[in-house]
Structures are given as structure tokens and as C-alpha cells.
Amino acid sequence: MAVTWKITNCEYTNDSDKGVIHAAWQASDSEVVGKGDDAVTHTGTVAGMESFTPDPSDSDYIAYASLTNAKVVSWVKAVLGTDEVARVGTKIAAQITESKTPSSAWGVPW
């Protein structure tokens, strides 16, 4: 299992530089238990939004049209920091564990 990070949307300034100011992100992972018709996919997901202040005069500025998912994900992870990125992974793993072995259930005794 490996957590997959993706950018689900970006808000940008509506000028010629289109500097990204908010990036909505999602991190997820899944685990398949069983095979064939008995296979069950257990999934965990965490999402959030981070803000950026782009500066077109910076030497490492990237124009909106040249951005990639990988680049913006790297910005998000940098803003979150290594401890929070690790917590996101832990939360996802906990969701998958809870899905596989639920701590509660619904039903009636009859």
C-alpha cells in the first residue's frame, strides 16, 4: 500500500500569470481483501486545502500552464511538513483498518 496524493482543484488569480493561491488536495490508499467475487476494497481518504502566495518575480516561479500535479503536491507536502504528511498516512491506514475490522456495526437481532 502506498498513499496516492493528487490535486483535485486549484483557485488562481484571474490575470495573465494565473498564480495559484489555493490548492485542494486528496490523499488516499486502498487494500483489496479476498479474490474474485469475494474481493472487498477497503479505502481511506484525507482531503484538505492549502494556500500559496506566488511571486512571479521569483526565479523558481512556475507559470500556471506549466504546473503539474506532482509539482503542486510537492508544494502541499512542503506546507504541511513531514510530521503532518506522516499523520495523513496514519489516518488513512486507520480508516482502512476500521473498514476491515469495524469497531461497531448496524443491524437488528431478528
# chains A, B, ... in the order shown; residues from 1 in each chain; ligands from 1
$ select_by_dssp --residues "chain A" --states "helix (DSSP H, G or I)" --output "VMD selection string"
chain A and resid 36 to 38 64 to 66 69 to 100
$ closest_residue --among "A:Ala86, A:Gly48, A:Ser104, A:Thr97" --to "Glu31 in chain A" --atoms "only C-alpha atoms"
A:Thr97
$ closest_residue --among "A:Val20, A:Ala93, A:Ala2, A:Ile7" --to "Pro56 in chain A" --atoms "only C-alpha atoms"
A:Val20
$ select_by_dssp --residues "range 11-87 of chain A" --states "strand (DSSP E or B)" --output "VMD selection string"
chain A and resid 11 to 12 20 to 33 40 to 51
$ write_last_selection --atoms "N, CA and C atoms" --output "CSV table (one decimal), in the first residue's frame"
chain,number,residue,atom,x,y,z
A,11,GLU,N,-7.5,27.2,-7.2
A,11,GLU,CA,-8.0,28.5,-7.4
A,11,GLU,C,-6.8,29.4,-7.7
A,12,TYR,N,-7.0,30.2,-8.7
A,12,TYR,CA,-5.9,31.0,-9.2
A,12,TYR,C,-6.4,32.4,-9.5
A,20,VAL,N,-1.4,30.4,-8.7
A,20,VAL,CA,-2.2,29.6,-7.8
A,20,VAL,C,-2.2,30.1,-6.4
A,21,ILE,N,-3.4,30.3,-5.8
A,21,ILE,CA,-3.5,30.8,-4.5
A,21,ILE,C,-4.1,29.8,-3.5
A,22,HIS,N,-4.8,28.8,-4.0
A,22,HIS,CA,-5.3,27.7,-3.2
A,22,HIS,C,-5.3,26.4,-4.0
A,23,ALA,N,-4.9,25.3,-3.3
A,23,ALA,CA,-4.9,24.0,-4.0
A,23,ALA,C,-5.7,23.0,-3.1
A,24,ALA,N,-6.7,22.5,-3.6
A,24,ALA,CA,-7.5,21.4,-2.9
A,24,ALA,C,-6.8,20.1,-3.2
A,25,TRP,N,-6.5,19.3,-2.1
A,25,TRP,CA,-5.8,18.1,-2.3
A,25,TRP,C,-6.5,16.9,-1.7
A,26,GLN,N,-6.1,15.7,-2.1
A,26,GLN,CA,-6.7,14.5,-1.6
A,26,GLN,C,-5.6,13.4,-1.5
A,27,ALA,N,-5.5,12.7,-0.4
A,27,ALA,CA,-4.6,11.6,-0.3
A,27,ALA,C,-5.4,10.4,0.0
A,28,SER,N,-5.1,9.3,-0.7
A,28,SER,CA,-5.9,8.1,-0.4
A,28,SER,C,-5.0,6.8,-0.6
A,29,ASP,N,-5.6,5.7,-0.1
A,29,ASP,CA,-5.0,4.4,-0.3
A,29,ASP,C,-6.1,3.4,-0.2
A,30,SER,N,-5.8,2.2,-0.7
A,30,SER,CA,-6.8,1.1,-0.6
A,30,SER,C,-6.1,-0.2,-0.5
A,31,GLU,N,-6.9,-1.1,0.0
A,31,GLU,CA,-6.4,-2.5,0.2
A,31,GLU,C,-7.5,-3.4,-0.2
A,32,VAL,N,-7.2,-4.4,-1.1
A,32,VAL,CA,-8.2,-5.4,-1.5
A,32,VAL,C,-8.0,-6.6,-0.7
A,33,VAL,N,-9.1,-7.1,-0.1
A,33,VAL,CA,-9.1,-8.3,0.7
A,33,VAL,C,-10.0,-9.3,0.0
A,40,VAL,N,-13.1,-7.5,-1.5
A,40,VAL,CA,-13.7,-6.2,-0.9
A,40,VAL,C,-12.5,-5.2,-0.9
A,41,THR,N,-12.8,-4.0,-1.4
A,41,THR,CA,-11.8,-2.9,-1.4
A,41,THR,C,-12.0,-2.0,-0.2
A,42,HIS,N,-11.1,-1.9,0.7
A,42,HIS,CA,-11.1,-1.0,1.8
A,42,HIS,C,-10.3,0.2,1.5
A,43,THR,N,-10.9,1.4,1.7
A,43,THR,CA,-10.3,2.6,1.3
A,43,THR,C,-10.2,3.6,2.4
A,44,GLY,N,-9.1,4.4,2.4
A,44,GLY,CA,-9.0,5.5,3.3
A,44,GLY,C,-8.7,6.8,2.6
A,45,THR,N,-9.3,7.9,3.0
A,45,THR,CA,-9.1,9.2,2.3
A,45,THR,C,-9.0,10.4,3.2
A,46,VAL,N,-8.1,11.3,3.0
A,46,VAL,CA,-8.0,12.5,3.7
A,46,VAL,C,-7.9,13.6,2.7
A,47,ALA,N,-8.5,14.7,2.9
A,47,ALA,CA,-8.5,15.8,2.0
A,47,ALA,C,-8.3,17.2,2.7
A,48,GLY,N,-7.8,18.2,2.0
A,48,GLY,CA,-7.7,19.5,2.6
A,48,GLY,C,-7.4,20.5,1.5
A,49,MET,N,-7.1,21.7,2.0
A,49,MET,CA,-6.8,22.8,1.0
A,49,MET,C,-5.6,23.6,1.7
A,50,GLU,N,-4.7,24.0,0.8
A,50,GLU,CA,-3.6,24.8,1.3
A,50,GLU,C,-3.5,26.1,0.4
A,51,SER,N,-2.9,27.1,1.0
A,51,SER,CA,-2.8,28.4,0.4
A,51,SER,C,-1.4,28.7,0.0
$ atom_distance --atom1 "CA of Ser74 in chain A" --atom2 "CA of Asp60 in chain A"
13.7 Å
$ atom_distance --atom1 "CA of Lys6 in chain A" --atom2 "CA of Ala39 in chain A"
25.6 Å
